[in-house]
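Only one structure is covered here, and it is reproduced in the block below.
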Amino acid sequence: MDPNGFKEFSKAMTDYIVEYLENIRDRTVLPTVQPGYMKPLLPNEAPQKPENWQDVMNDVERVIMPGVTHWHSPKFHAYFPTAQSYPAIVADMLSGAIACIGFTWIASPACTELEVIMLDWLGKMIGLPKEFLACSGGKAGGVIQGTASEATLVALLGAKAKKIQQVKEQHPDWKNHEIVGKLVAYGSVQAHSSVERAGLLSGVQFRLLETNEKHQLCGETLEEAIKADKEKGFVPFYVVATLGTTSSCTFDRLDEIGPICNREDIWLHVDAAYAGSAFICPEFRHLLKGIERADSFNFNPHKWMLVNFDCSPMWLKDPTYLVNAFNVDPVYLKHDMQGSAPDYRHWQIPLGRRFRSLKLWFVLRLYGIEGLQKHIRNHVALAHQFESLVLSDSRFEVVEDVVLGLVCFRLKGSNEINDNLLKRINGAGNIHLVPSKIKDNFFLRLAICSRYTESRDIQYSWNEVKRCADEVIEEQSLSK
Ligand SMILES: *Cc1c(COP(=O)(O)O)cnc(C)c1O
């Protein structure tokens, strides 16, 4: 492709993107294709000769769009949001052009330095204590991981390295594998599946502890588990507290968990994947209470802060253990500036890394803190609007406090009727929700996801829920 071809192609794509996004509301949120739909639409082999970009462009609508779930439609309410914005898309273009692999400072100094500065900006924006920030001048600092799942695993591996070193100091004759066999980590039954998975991937025992009546992990439960494990000769080393659980956006009792972890010398990691973005608004920052006791903190601007996937910043008070645990130093990666800036390859699992901080920089500058706060507040208000609509219909109940942009609700009645309701809603494909279940109580989750969502969309989604409920209830009474 020659430079002029690139200009034309990218201009045509920009027009297409704007057309797609600004009219996304009119598309059916869920595709109706069957598995294997794409095979007959494409040749069996790659083309021998170069094709025209126009032909590729035409195939986007023909081949791709029929099989796209429109995550940025205001009618998409499943999971948690994934973020998207024009500044982030443009930043990804530039990142694609520079296309550096910023594993060390020297591999592309701007890539490392912008990341350090952006993580200070962002940390200050959400009110993280200065003990987490590089600008405090100590060892602390942030790094952009690809996902929250990686952050949880990376923190676990740092905690594991730290604890092995501590135990060895007390018991120089113990072998590594003996120590690892005794290590035990904790999270709650409501923690994200990636938390349990971090335990599986790293080969340590992970206990998922029961939650209180509000589905929070509380201090007492953790304390009892630690005591019982220590009595059996286990070595507790890592706790994950969740701020904003995936099932119901519940907040673990960080204020109770932190002091226990500090006293027991256990690494405390805080997973605020979704909720973290809300902390840019002072009125939600009370949910972060107790953070000063944590060792590492992570959230996903790629969920709720208008930065396209992937962007999962993580802050560590003391990255030394991590850096040492992941440090292999082949000659070809050595450089003279080692030590004067972070070599991020030691802070993550892969070696390669994209220039992801550009997305943060562009979004933070083009929205400003105020623009981002407005986005969060708008979504929270829309969630409350949906909550009121649910509460206005006595056949329904809201099952969890609506704190941020998630409403958990159900028809009063059996799990079965709620399951039928959900199937009918998704079967119609006009809006998209996913369910959850806590302690055998099945419910529907409606997350406010799209930056295009307006009050009229919430009304539309509620009408759709109500219409499906009418049908399900009618069907049930006929079958009796
Ligand atoms: C979404 C979510 C995750 C996983 O995020 P990834 O970045 O996709 O790994 C982890 N924890 C919580 C609480 C989440 O909501």
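Following the order of the structure tokens, chains are lettered A, B, ..., residues in each are numbered from 1, and ligands are numbered from 1.
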Can you list, as JSON, numbers by chain, every protein, DNA or RNA residue that comes within 8 Å of A:Glu210 when you count only C-alpha atoms, leaving out same-chain residues fewer than 5 positions away?
{"A": [188, 189, 217, 221]}
Save out the residues we just selected, N, CA, C and O atoms, as an mmCIF file, in the first residue's frame.
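The new file again_22.cif reads:
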data_model
loop_
_atom_site.group_PDB
_atom_site.id
_atom_site.type_symbol
_atom_site.label_atom_id
_atom_site.label_comp_id
_atom_site.auth_asym_id
_atom_site.auth_seq_id
_atom_site.Cartn_x
_atom_site.Cartn_y
_atom_site.Cartn_z
ATOM 1 N N SER A 188 -12.614 -13.842 47.929
ATOM 2 C CA SER A 188 -13.959 -14.225 48.349
ATOM 3 C C SER A 188 -14.627 -15.042 47.257
ATOM 4 O O SER A 188 -14.180 -15.047 46.104
ATOM 5 N N VAL A 189 -15.702 -15.736 47.618
ATOM 6 C CA VAL A 189 -16.454 -16.495 46.612
ATOM 7 C C VAL A 189 -16.993 -15.570 45.528
ATOM 8 O O VAL A 189 -17.313 -16.017 44.430
ATOM 9 N N LEU A 217 -16.527 -9.693 51.561
ATOM 10 C CA LEU A 217 -15.550 -10.395 52.381
ATOM 11 C C LEU A 217 -15.242 -9.486 53.566
ATOM 12 O O LEU A 217 -14.929 -8.312 53.383
ATOM 13 N N THR A 221 -14.077 -13.210 58.860
ATOM 14 C CA THR A 221 -13.953 -14.441 58.072
ATOM 15 C C THR A 221 -12.504 -14.683 57.676
ATOM 16 O O THR A 221 -11.987 -15.803 57.777
#
Residues near stretch 129-138 of chain A, anyone? I mean within 7 Å using only C-alpha atoms, not counting same-chain ones fewer than 6 positions away, as a PyMOL selection string.
chain A and resi 120+123+292+315-317
Please identify all polymer residues within 12 Å of stretch 279-289 of chain A, counting only C-alpha atoms, omitting same-chain residues fewer than 4 positions from it, and present them as a ChimeraX atom specification.
/A:121-129,241-244,249-258,270-275,293-294,297-301,304-305,364,368-378,380,403-404
Report as JSON lines the residues of chain A within 9 Å of ligand 1, each with its shortest atom pair and distance in Å (one decimal), using only C-alpha atoms and all ligand atoms, ordered by chain and increasing residue number.
{"residue": "A:Tyr79", "atom": "CA", "partner": "ligand 1", "partner_atom_place_in_ligand_line": "1 (C)", "distance": 7.9}
{"residue": "A:Phe80", "atom": "CA", "partner": "ligand 1", "partner_atom_place_in_ligand_line": "1 (C)", "distance": 6.6}
{"residue": "A:Pro81", "atom": "CA", "partner": "ligand 1", "partner_atom_place_in_ligand_line": "1 (C)", "distance": 8.7}
{"residue": "A:Thr82", "atom": "CA", "partner": "ligand 1", "partner_atom_place_in_ligand_line": "1 (C)", "distance": 8.9}
{"residue": "A:Gln145", "atom": "CA", "partner": "ligand 1", "partner_atom_place_in_ligand_line": "7 (O)", "distance": 8.6}
{"residue": "A:Gly146", "atom": "CA", "partner": "ligand 1", "partner_atom_place_in_ligand_line": "7 (O)", "distance": 6.9}
{"residue": "A:Thr147", "atom": "CA", "partner": "ligand 1", "partner_atom_place_in_ligand_line": "7 (O)", "distance": 3.4}
{"residue": "A:Ala148", "atom": "CA", "partner": "ligand 1", "partner_atom_place_in_ligand_line": "7 (O)", "distance": 3.8}
{"residue": "A:Ser149", "atom": "CA", "partner": "ligand 1", "partner_atom_place_in_ligand_line": "9 (O)", "distance": 3.7}
{"residue": "A:Glu150", "atom": "CA", "partner": "ligand 1", "partner_atom_place_in_ligand_line": "9 (O)", "distance": 6.5}
{"residue": "A:Ala151", "atom": "CA", "partner": "ligand 1", "partner_atom_place_in_ligand_line": "9 (O)", "distance": 8.0}
{"residue": "A:Thr152", "atom": "CA", "partner": "ligand 1", "partner_atom_place_in_ligand_line": "10 (C)", "distance": 8.2}
{"residue": "A:Gln190", "atom": "CA", "partner": "ligand 1", "partner_atom_place_in_ligand_line": "13 (C)", "distance": 8.8}
{"residue": "A:Ala191", "atom": "CA", "partner": "ligand 1", "partner_atom_place_in_ligand_line": "13 (C)", "distance": 6.5}
{"residue": "A:His192", "atom": "CA", "partner": "ligand 1", "partner_atom_place_in_ligand_line": "11 (N)", "distance": 4.8}
{"residue": "A:Ser193", "atom": "CA", "partner": "ligand 1", "partner_atom_place_in_ligand_line": "10 (C)", "distance": 7.4}
{"residue": "A:Ser194", "atom": "CA", "partner": "ligand 1", "partner_atom_place_in_ligand_line": "10 (C)", "distance": 6.2}
{"residue": "A:Val195", "atom": "CA", "partner": "ligand 1", "partner_atom_place_in_ligand_line": "10 (C)", "distance": 7.5}
{"residue": "A:Thr242", "atom": "CA", "partner": "ligand 1", "partner_atom_place_in_ligand_line": "13 (C)", "distance": 6.0}
{"residue": "A:Leu243", "atom": "CA", "partner": "ligand 1", "partner_atom_place_in_ligand_line": "13 (C)", "distance": 6.9}
{"residue": "A:Gly244", "atom": "CA", "partner": "ligand 1", "partner_atom_place_in_ligand_line": "13 (C)", "distance": 5.8}
{"residue": "A:Thr245", "atom": "CA", "partner": "ligand 1", "partner_atom_place_in_ligand_line": "13 (C)", "distance": 4.6}
{"residue": "A:Thr246", "atom": "CA", "partner": "ligand 1", "partner_atom_place_in_ligand_line": "15 (O)", "distance": 4.3}
{"residue": "A:Ser247", "atom": "CA", "partner": "ligand 1", "partner_atom_place_in_ligand_line": "15 (O)", "distance": 8.1}
{"residue": "A:Cys249", "atom": "CA", "partner": "ligand 1", "partner_atom_place_in_ligand_line": "13 (C)", "distance": 8.0}
{"residue": "A:Asp271", "atom": "CA", "partner": "ligand 1", "partner_atom_place_in_ligand_line": "11 (N)", "distance": 5.8}
{"residue": "A:Ala272", "atom": "CA", "partner": "ligand 1", "partner_atom_place_in_ligand_line": "13 (C)", "distance": 5.8}
{"residue": "A:Ala273", "atom": "CA", "partner": "ligand 1", "partner_atom_place_in_ligand_line": "12 (C)", "distance": 4.7}
{"residue": "A:Tyr274", "atom": "CA", "partner": "ligand 1", "partner_atom_place_in_ligand_line": "15 (O)", "distance": 5.0}
{"residue": "A:Ala275", "atom": "CA", "partner": "ligand 1", "partner_atom_place_in_ligand_line": "15 (O)", "distance": 7.9}
{"residue": "A:Phe299", "atom": "CA", "partner": "ligand 1", "partner_atom_place_in_ligand_line": "7 (O)", "distance": 8.1}
{"residue": "A:Asn300", "atom": "CA", "partner": "ligand 1", "partner_atom_place_in_ligand_line": "7 (O)", "distance": 6.2}
{"residue": "A:His302", "atom": "CA", "partner": "ligand 1", "partner_atom_place_in_ligand_line": "7 (O)", "distance": 7.7}
{"residue": "A:Lys303", "atom": "CA", "partner": "ligand 1", "partner_atom_place_in_ligand_line": "1 (C)", "distance": 7.5}
{"residue": "A:Phe309", "atom": "CA", "partner": "ligand 1", "partner_atom_place_in_ligand_line": "7 (O)", "distance": 8.4}
{"residue": "A:Asp310", "atom": "CA", "partner": "ligand 1", "partner_atom_place_in_ligand_line": "7 (O)", "distance": 7.6}
{"residue": "A:Cys311", "atom": "CA", "partner": "ligand 1", "partner_atom_place_in_ligand_line": "7 (O)", "distance": 7.9}
{"residue": "A:Ser312", "atom": "CA", "partner": "ligand 1", "partner_atom_place_in_ligand_line": "7 (O)", "distance": 6.4}
Convert the current residue selection to file output with N, CA, C and O atoms, as a compact mmCIF listing (two decimals), in the first residue's frame.
# COMPACT_ATOMS: atom_id res chain seq x y z
N TYR A 79 -22.49 -8.00 30.98
CA TYR A 79 -21.17 -7.96 31.63
C TYR A 79 -20.96 -6.62 32.34
O TYR A 79 -21.83 -6.12 33.03
N PHE A 80 -19.73 -6.06 32.14
CA PHE A 80 -19.46 -4.68 32.49
C PHE A 80 -19.10 -3.98 31.18
O PHE A 80 -18.80 -4.66 30.20
N PRO A 81 -19.10 -2.65 31.16
CA PRO A 81 -18.77 -1.99 29.90
C PRO A 81 -17.33 -2.27 29.47
O PRO A 81 -16.48 -2.62 30.30
N THR A 82 -17.07 -2.11 28.20
CA THR A 82 -15.70 -1.99 27.72
C THR A 82 -15.63 -0.62 27.06
O THR A 82 -16.57 -0.20 26.39
N GLN A 145 -0.76 -2.94 32.81
CA GLN A 145 -0.90 -4.34 32.41
C GLN A 145 -1.95 -4.41 31.31
O GLN A 145 -2.71 -3.47 31.10
N GLY A 146 -2.01 -5.55 30.64
CA GLY A 146 -3.02 -5.71 29.61
C GLY A 146 -4.41 -5.86 30.19
O GLY A 146 -5.38 -5.28 29.69
N THR A 147 -4.52 -6.60 31.27
CA THR A 147 -5.83 -6.91 31.86
C THR A 147 -5.71 -6.98 33.38
O THR A 147 -4.62 -7.16 33.93
N ALA A 148 -6.86 -6.89 34.04
CA ALA A 148 -6.92 -7.06 35.49
C ALA A 148 -6.47 -8.47 35.87
O ALA A 148 -5.87 -8.68 36.93
N SER A 149 -6.78 -9.43 35.02
CA SER A 149 -6.38 -10.82 35.31
C SER A 149 -4.86 -10.92 35.45
O SER A 149 -4.35 -11.59 36.35
N GLU A 150 -4.15 -10.24 34.56
CA GLU A 150 -2.68 -10.26 34.64
C GLU A 150 -2.19 -9.55 35.90
O GLU A 150 -1.24 -10.00 36.53
N ALA A 151 -2.85 -8.45 36.26
CA ALA A 151 -2.44 -7.71 37.46
C ALA A 151 -2.56 -8.61 38.70
O ALA A 151 -1.68 -8.63 39.56
N THR A 152 -3.66 -9.36 38.78
CA THR A 152 -3.88 -10.24 39.93
C THR A 152 -2.80 -11.32 39.99
O THR A 152 -2.29 -11.65 41.06
N GLN A 190 -17.07 -14.29 45.82
CA GLN A 190 -17.57 -13.33 44.83
C GLN A 190 -16.45 -12.72 43.98
O GLN A 190 -16.72 -11.91 43.10
N ALA A 191 -15.21 -13.11 44.26
CA ALA A 191 -14.10 -12.55 43.46
C ALA A 191 -14.25 -13.01 42.01
O ALA A 191 -14.88 -14.03 41.73
N HIS A 192 -13.67 -12.25 41.11
CA HIS A 192 -13.73 -12.58 39.68
C HIS A 192 -13.04 -13.93 39.43
O HIS A 192 -12.11 -14.29 40.13
N SER A 193 -13.49 -14.64 38.40
CA SER A 193 -12.93 -15.97 38.11
C SER A 193 -11.41 -15.90 37.88
O SER A 193 -10.70 -16.87 38.14
N SER A 194 -10.92 -14.73 37.43
CA SER A 194 -9.49 -14.61 37.18
C SER A 194 -8.67 -14.70 38.48
O SER A 194 -7.47 -14.98 38.44
N VAL A 195 -9.31 -14.46 39.61
CA VAL A 195 -8.61 -14.52 40.90
C VAL A 195 -8.31 -15.99 41.25
O VAL A 195 -7.17 -16.35 41.55
N THR A 242 -11.86 -7.30 46.57
CA THR A 242 -12.51 -6.76 45.37
C THR A 242 -13.32 -5.53 45.72
O THR A 242 -14.12 -5.55 46.66
N LEU A 243 -13.10 -4.47 44.95
CA LEU A 243 -13.97 -3.30 45.07
C LEU A 243 -14.83 -3.27 43.82
O LEU A 243 -14.34 -2.99 42.72
N GLY A 244 -16.09 -3.63 43.97
CA GLY A 244 -16.99 -3.69 42.82
C GLY A 244 -16.96 -5.06 42.17
O GLY A 244 -16.35 -5.25 41.12
N THR A 245 -17.62 -6.05 42.81
CA THR A 245 -17.59 -7.41 42.27
C THR A 245 -18.35 -7.49 40.95
O THR A 245 -19.24 -6.68 40.68
N THR A 246 -18.00 -8.48 40.17
CA THR A 246 -18.59 -8.60 38.84
C THR A 246 -20.06 -9.01 38.91
O THR A 246 -20.88 -8.50 38.16
N SER A 247 -20.39 -9.87 39.85
CA SER A 247 -21.78 -10.30 39.98
C SER A 247 -22.71 -9.16 40.36
O SER A 247 -23.77 -9.01 39.77
N CYS A 249 -21.46 -5.81 41.93
CA CYS A 249 -20.79 -4.55 42.27
C CYS A 249 -20.80 -4.28 43.78
O CYS A 249 -21.16 -3.20 44.24
N ASP A 271 -8.50 -5.44 43.70
CA ASP A 271 -9.02 -5.54 42.33
C ASP A 271 -10.26 -4.64 42.24
O ASP A 271 -11.31 -4.96 42.79
N ALA A 272 -10.09 -3.51 41.56
CA ALA A 272 -11.22 -2.58 41.37
C ALA A 272 -11.47 -2.40 39.87
O ALA A 272 -11.68 -1.29 39.39
N ALA A 273 -11.42 -3.53 39.16
CA ALA A 273 -11.41 -3.49 37.69
C ALA A 273 -12.46 -2.54 37.12
O ALA A 273 -12.15 -1.65 36.35
N TYR A 274 -13.69 -2.73 37.54
CA TYR A 274 -14.77 -1.87 37.02
C TYR A 274 -14.89 -0.58 37.84
O TYR A 274 -14.88 0.53 37.30
N ALA A 275 -15.03 -0.73 39.16
CA ALA A 275 -15.38 0.41 40.00
C ALA A 275 -14.30 1.48 40.08
O ALA A 275 -14.60 2.65 40.35
N PHE A 299 -7.02 -1.11 38.43
CA PHE A 299 -8.34 -0.97 37.82
C PHE A 299 -8.23 -0.83 36.30
O PHE A 299 -7.13 -0.69 35.77
N ASN A 300 -9.36 -0.91 35.64
CA ASN A 300 -9.39 -0.96 34.17
C ASN A 300 -10.01 0.30 33.57
O ASN A 300 -11.22 0.36 33.38
N HIS A 302 -9.96 0.65 30.71
CA HIS A 302 -10.56 0.07 29.51
C HIS A 302 -11.96 -0.47 29.78
O HIS A 302 -12.62 -0.96 28.88
N LYS A 303 -12.41 -0.38 31.02
CA LYS A 303 -13.81 -0.71 31.27
C LYS A 303 -14.68 0.55 31.26
O LYS A 303 -15.66 0.62 30.57
N PHE A 309 -9.72 -0.97 25.19
CA PHE A 309 -8.96 -2.14 25.59
C PHE A 309 -7.66 -2.18 24.76
O PHE A 309 -7.70 -1.93 23.57
N ASP A 310 -6.50 -2.50 25.34
CA ASP A 310 -6.26 -2.93 26.70
C ASP A 310 -5.50 -1.86 27.48
O ASP A 310 -4.49 -1.35 27.02
N CYS A 311 -5.99 -1.59 28.69
CA CYS A 311 -5.32 -0.61 29.54
C CYS A 311 -5.71 -0.86 30.98
O CYS A 311 -6.79 -0.47 31.42
N SER A 312 -4.86 -1.58 31.70
CA SER A 312 -5.16 -1.98 33.07
C SER A 312 -4.04 -1.55 34.02
O SER A 312 -3.15 -2.34 34.35
Among listed residues A:Gly276, A:Gly102, A:Pro350, A:Pro40, nearest A:Glu115 (using only C-alpha atoms):
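Comparing A:Gly276, A:Gly102, A:Pro350, A:Pro40 against A:Glu115, the winner is A:Gly102.
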Can you pull out every residue within 7 Å of A:Gly405, counting only C-alpha atoms, but drop anything in the same chain fewer than 2 positions away, and send it as a PyMOL selection string?
chain A and resi 379-380+383+403+407+447-448
Would you mind exporting all heavy atoms of the selected residues as a compact mmCIF listing (two decimals), in the first residue's frame?
# COMPACT_ATOMS: atom_id res chain seq x y z
N HIS A 379 -23.62 7.83 33.81
CA HIS A 379 -23.94 6.39 33.86
C HIS A 379 -24.59 6.01 35.19
O HIS A 379 -25.51 5.20 35.22
CB HIS A 379 -22.68 5.55 33.59
CG HIS A 379 -22.42 5.35 32.12
ND1 HIS A 379 -21.55 4.40 31.64
CD2 HIS A 379 -22.93 5.97 31.03
CE1 HIS A 379 -21.54 4.45 30.31
NE2 HIS A 379 -22.35 5.39 29.93
N VAL A 380 -24.09 6.58 36.26
CA VAL A 380 -24.66 6.26 37.57
C VAL A 380 -26.11 6.75 37.64
O VAL A 380 -27.01 6.05 38.10
CB VAL A 380 -23.81 6.84 38.72
CG1 VAL A 380 -24.46 6.56 40.07
CG2 VAL A 380 -22.40 6.28 38.68
N ALA A 383 -28.33 4.44 35.75
CA ALA A 383 -28.59 3.21 36.52
C ALA A 383 -29.70 3.47 37.54
O ALA A 383 -30.60 2.64 37.72
CB ALA A 383 -27.31 2.73 37.22
N VAL A 403 -25.02 1.10 43.44
CA VAL A 403 -23.99 2.04 43.88
C VAL A 403 -23.39 2.77 42.69
O VAL A 403 -23.22 3.98 42.70
CB VAL A 403 -22.87 1.29 44.65
CG1 VAL A 403 -21.83 2.27 45.17
CG2 VAL A 403 -23.46 0.49 45.79
N VAL A 407 -27.44 -2.46 37.80
CA VAL A 407 -28.69 -2.74 38.52
C VAL A 407 -28.94 -4.24 38.49
O VAL A 407 -28.99 -4.85 37.42
CB VAL A 407 -29.88 -2.00 37.87
CG1 VAL A 407 -31.14 -2.20 38.70
CG2 VAL A 407 -29.58 -0.51 37.69
N ALA A 447 -26.20 -3.53 33.14
CA ALA A 447 -25.09 -2.58 33.28
C ALA A 447 -25.27 -1.48 32.24
O ALA A 447 -25.66 -1.73 31.11
CB ALA A 447 -23.76 -3.29 33.06
N ILE A 448 -24.98 -0.25 32.66
CA ILE A 448 -24.97 0.85 31.71
C ILE A 448 -23.60 0.81 31.03
O ILE A 448 -22.58 0.95 31.71
CB ILE A 448 -25.16 2.22 32.42
CG1 ILE A 448 -26.33 2.17 33.40
CG2 ILE A 448 -25.30 3.34 31.39
CD1 ILE A 448 -27.68 2.00 32.80
Report as a count of residues only all protein, DNA and RNA residues lying within 8 Å of A:Val434, evaluated on only C-alpha atoms, omitting residues in the same chain fewer than 5 positions from it.
7
Just the residues within 12 Å of A:Val184, please, counting only C-alpha atoms, with nothing from its chain fewer than 5 positions along; format it as a count of residues only.
33
Using only C-alpha atoms for the distances, tell me which of A:Ile438, A:Val167, A:Ile431, A:Ala325 is nearest to A:Ser461.
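Among the listed residues, the smallest separation from A:Ser461 belongs to A:Ile431.
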Using Å and a single decimal, report how far atom CA of A:Leu30 sits from atom CA of A:His70.
6.8 Å
For A:Tyr344: contacts at 12 Å, only C-alpha atoms, fewer than 4 positions along chain excluded, given as an MDAnalysis selection string:
chainID A and resid 101:109 111:113 115:116 141:145 319 322:323 326:327 333 338:339 348:355
If you keep N, CA and C atoms, can you produce a file of those selected residues as an mmCIF file, in the first residue's frame?
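What landed in selection36.cif:
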data_model
loop_
_atom_site.group_PDB
_atom_site.id
_atom_site.type_symbol
_atom_site.label_atom_id
_atom_site.label_comp_id
_atom_site.auth_asym_id
_atom_site.auth_seq_id
_atom_site.Cartn_x
_atom_site.Cartn_y
_atom_site.Cartn_z
ATOM 1 N N ILE A 101 8.451 -1.592 20.810
ATOM 2 C CA ILE A 101 8.246 -2.604 21.843
ATOM 3 C C ILE A 101 8.980 -2.097 23.071
ATOM 4 N N GLY A 102 8.246 -1.477 23.986
ATOM 5 C CA GLY A 102 8.902 -0.732 25.071
ATOM 6 C C GLY A 102 9.289 -1.563 26.278
ATOM 7 N N PHE A 103 10.050 -2.638 26.080
ATOM 8 C CA PHE A 103 10.334 -3.508 27.233
ATOM 9 C C PHE A 103 11.385 -2.944 28.175
ATOM 10 N N THR A 104 12.281 -2.103 27.637
ATOM 11 C CA THR A 104 13.244 -1.423 28.510
ATOM 12 C C THR A 104 13.146 0.068 28.211
ATOM 13 N N TRP A 105 13.760 0.864 29.061
ATOM 14 C CA TRP A 105 13.747 2.304 28.829
ATOM 15 C C TRP A 105 14.369 2.628 27.468
ATOM 16 N N ILE A 106 15.515 2.023 27.196
ATOM 17 C CA ILE A 106 16.249 2.354 25.972
ATOM 18 C C ILE A 106 15.516 1.860 24.718
ATOM 19 N N ALA A 107 14.638 0.891 24.875
ATOM 20 C CA ALA A 107 13.912 0.345 23.719
ATOM 21 C C ALA A 107 12.960 1.380 23.135
ATOM 22 N N SER A 108 12.634 2.401 23.887
ATOM 23 C CA SER A 108 11.855 3.545 23.421
ATOM 24 C C SER A 108 11.532 4.401 24.640
ATOM 25 N N PRO A 109 12.443 5.316 24.972
ATOM 26 C CA PRO A 109 12.309 6.082 26.226
ATOM 27 C C PRO A 109 10.939 6.738 26.403
ATOM 28 N N CYS A 111 8.068 5.712 25.535
ATOM 29 C CA CYS A 111 7.071 4.704 25.905
ATOM 30 C C CYS A 111 7.076 4.479 27.417
ATOM 31 N N THR A 112 8.263 4.367 27.997
ATOM 32 C CA THR A 112 8.375 4.176 29.443
ATOM 33 C C THR A 112 8.032 5.469 30.194
ATOM 34 N N GLU A 113 8.585 6.593 29.723
ATOM 35 C CA GLU A 113 8.435 7.829 30.499
ATOM 36 C C GLU A 113 6.993 8.331 30.501
ATOM 37 N N GLU A 115 4.395 6.487 30.338
ATOM 38 C CA GLU A 115 3.645 5.559 31.196
ATOM 39 C C GLU A 115 3.824 5.919 32.681
ATOM 40 N N VAL A 116 5.060 6.234 33.057
ATOM 41 C CA VAL A 116 5.324 6.621 34.450
ATOM 42 C C VAL A 116 4.509 7.876 34.802
ATOM 43 N N GLY A 141 5.378 2.828 42.251
ATOM 44 C CA GLY A 141 5.054 3.281 40.912
ATOM 45 C C GLY A 141 4.018 2.402 40.257
ATOM 46 N N GLY A 142 3.654 2.823 39.052
ATOM 47 C CA GLY A 142 2.614 2.111 38.333
ATOM 48 C C GLY A 142 3.106 1.540 37.025
ATOM 49 N N VAL A 143 2.328 0.616 36.508
ATOM 50 C CA VAL A 143 2.630 -0.035 35.241
ATOM 51 C C VAL A 143 1.291 -0.343 34.571
ATOM 52 N N ILE A 144 1.254 -0.296 33.252
ATOM 53 C CA ILE A 144 0.016 -0.664 32.569
ATOM 54 C C ILE A 144 0.084 -2.137 32.173
ATOM 55 N N GLN A 145 -0.763 -2.937 32.811
ATOM 56 C CA GLN A 145 -0.897 -4.342 32.408
ATOM 57 C C GLN A 145 -1.950 -4.413 31.306
ATOM 58 N N PRO A 319 7.684 -2.475 44.169
ATOM 59 C CA PRO A 319 7.776 -3.451 43.069
ATOM 60 C C PRO A 319 9.021 -4.334 43.126
ATOM 61 N N LEU A 322 8.625 -8.119 42.799
ATOM 62 C CA LEU A 322 8.172 -8.477 41.464
ATOM 63 C C LEU A 322 9.329 -8.426 40.477
ATOM 64 N N VAL A 323 10.028 -7.303 40.529
ATOM 65 C CA VAL A 323 11.136 -7.088 39.607
ATOM 66 C C VAL A 323 12.172 -8.197 39.797
ATOM 67 N N PHE A 326 10.878 -11.638 38.506
ATOM 68 C CA PHE A 326 10.768 -11.779 37.044
ATOM 69 C C PHE A 326 12.058 -11.428 36.320
ATOM 70 N N ASN A 327 13.153 -11.283 37.058
ATOM 71 C CA ASN A 327 14.359 -10.744 36.446
ATOM 72 C C ASN A 327 15.230 -11.836 35.824
ATOM 73 N N LEU A 333 19.426 -7.632 26.239
ATOM 74 C CA LEU A 333 18.459 -6.691 26.805
ATOM 75 C C LEU A 333 19.102 -5.710 27.790
ATOM 76 N N GLN A 338 20.212 1.198 32.911
ATOM 77 C CA GLN A 338 19.453 0.352 33.827
ATOM 78 C C GLN A 338 19.422 0.969 35.215
ATOM 79 N N GLY A 339 18.234 1.019 35.805
ATOM 80 C CA GLY A 339 18.120 1.521 37.168
ATOM 81 C C GLY A 339 17.637 2.954 37.250
ATOM 82 N N GLN A 348 5.987 -7.375 34.362
ATOM 83 C CA GLN A 348 4.883 -8.027 33.656
ATOM 84 C C GLN A 348 5.302 -9.408 33.192
ATOM 85 N N ILE A 349 4.359 -10.176 32.665
ATOM 86 C CA ILE A 349 4.658 -11.541 32.247
ATOM 87 C C ILE A 349 5.286 -11.605 30.850
ATOM 88 N N PRO A 350 4.702 -10.945 29.841
ATOM 89 C CA PRO A 350 5.366 -11.010 28.530
ATOM 90 C C PRO A 350 6.594 -10.119 28.502
ATOM 91 N N LEU A 351 7.386 -10.238 27.471
ATOM 92 C CA LEU A 351 8.483 -9.302 27.256
ATOM 93 C C LEU A 351 7.961 -8.073 26.497
ATOM 94 N N GLY A 352 7.242 -8.312 25.416
ATOM 95 C CA GLY A 352 6.793 -7.227 24.552
ATOM 96 C C GLY A 352 5.671 -6.418 25.177
ATOM 97 N N ARG A 353 5.620 -5.147 24.823
ATOM 98 C CA ARG A 353 4.536 -4.293 25.311
ATOM 99 C C ARG A 353 4.310 -3.158 24.324
ATOM 100 N N ARG A 354 3.038 -2.818 24.128
ATOM 101 C CA ARG A 354 2.680 -1.740 23.212
ATOM 102 C C ARG A 354 2.789 -0.380 23.918
ATOM 103 N N PHE A 355 2.665 0.664 23.134
ATOM 104 C CA PHE A 355 2.726 2.030 23.662
ATOM 105 C C PHE A 355 1.312 2.395 24.126
#
Pairwise distance, atom CA of A:Met65 with atom CA of A:Ala12, equals 16.6 Å
Counting only C-alpha atoms, which residue out of A:Leu268, A:Ala97, A:Met38, A:Val29 sits closest to A:Phe6?
A:Ala97
Just the number, please: distance in Å from atom CA of A:Glu475 to atom CA of A:Phe442, one decimal.
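Going from atom CA of A:Glu475 over to atom CA of A:Phe442, I get 19.7 Å.
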Helix (DSSP H, G or I) per DSSP on the backbone: members of stretch 248-366 of chain A, as a PyMOL selection string
chain A and resi 254-264+275-280+282-288+291-293+301-304+320-325+331-333+344-347+357-366
Under the rule that only C-alpha atoms are counted, which of A:Gly429, A:Pro35, A:Gly290, A:Pro47 is the nearest residue to A:Phe76?
A:Gly429
Of the candidates A:Lys423, A:Val18, A:Ser277, A:His215, which shows the shortest atom-to-atom distance to A:Val399, using only C-alpha atoms?
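Of A:Lys423, A:Val18, A:Ser277, A:His215, the one nearest A:Val399 is A:His215, counting only C-alpha atoms.
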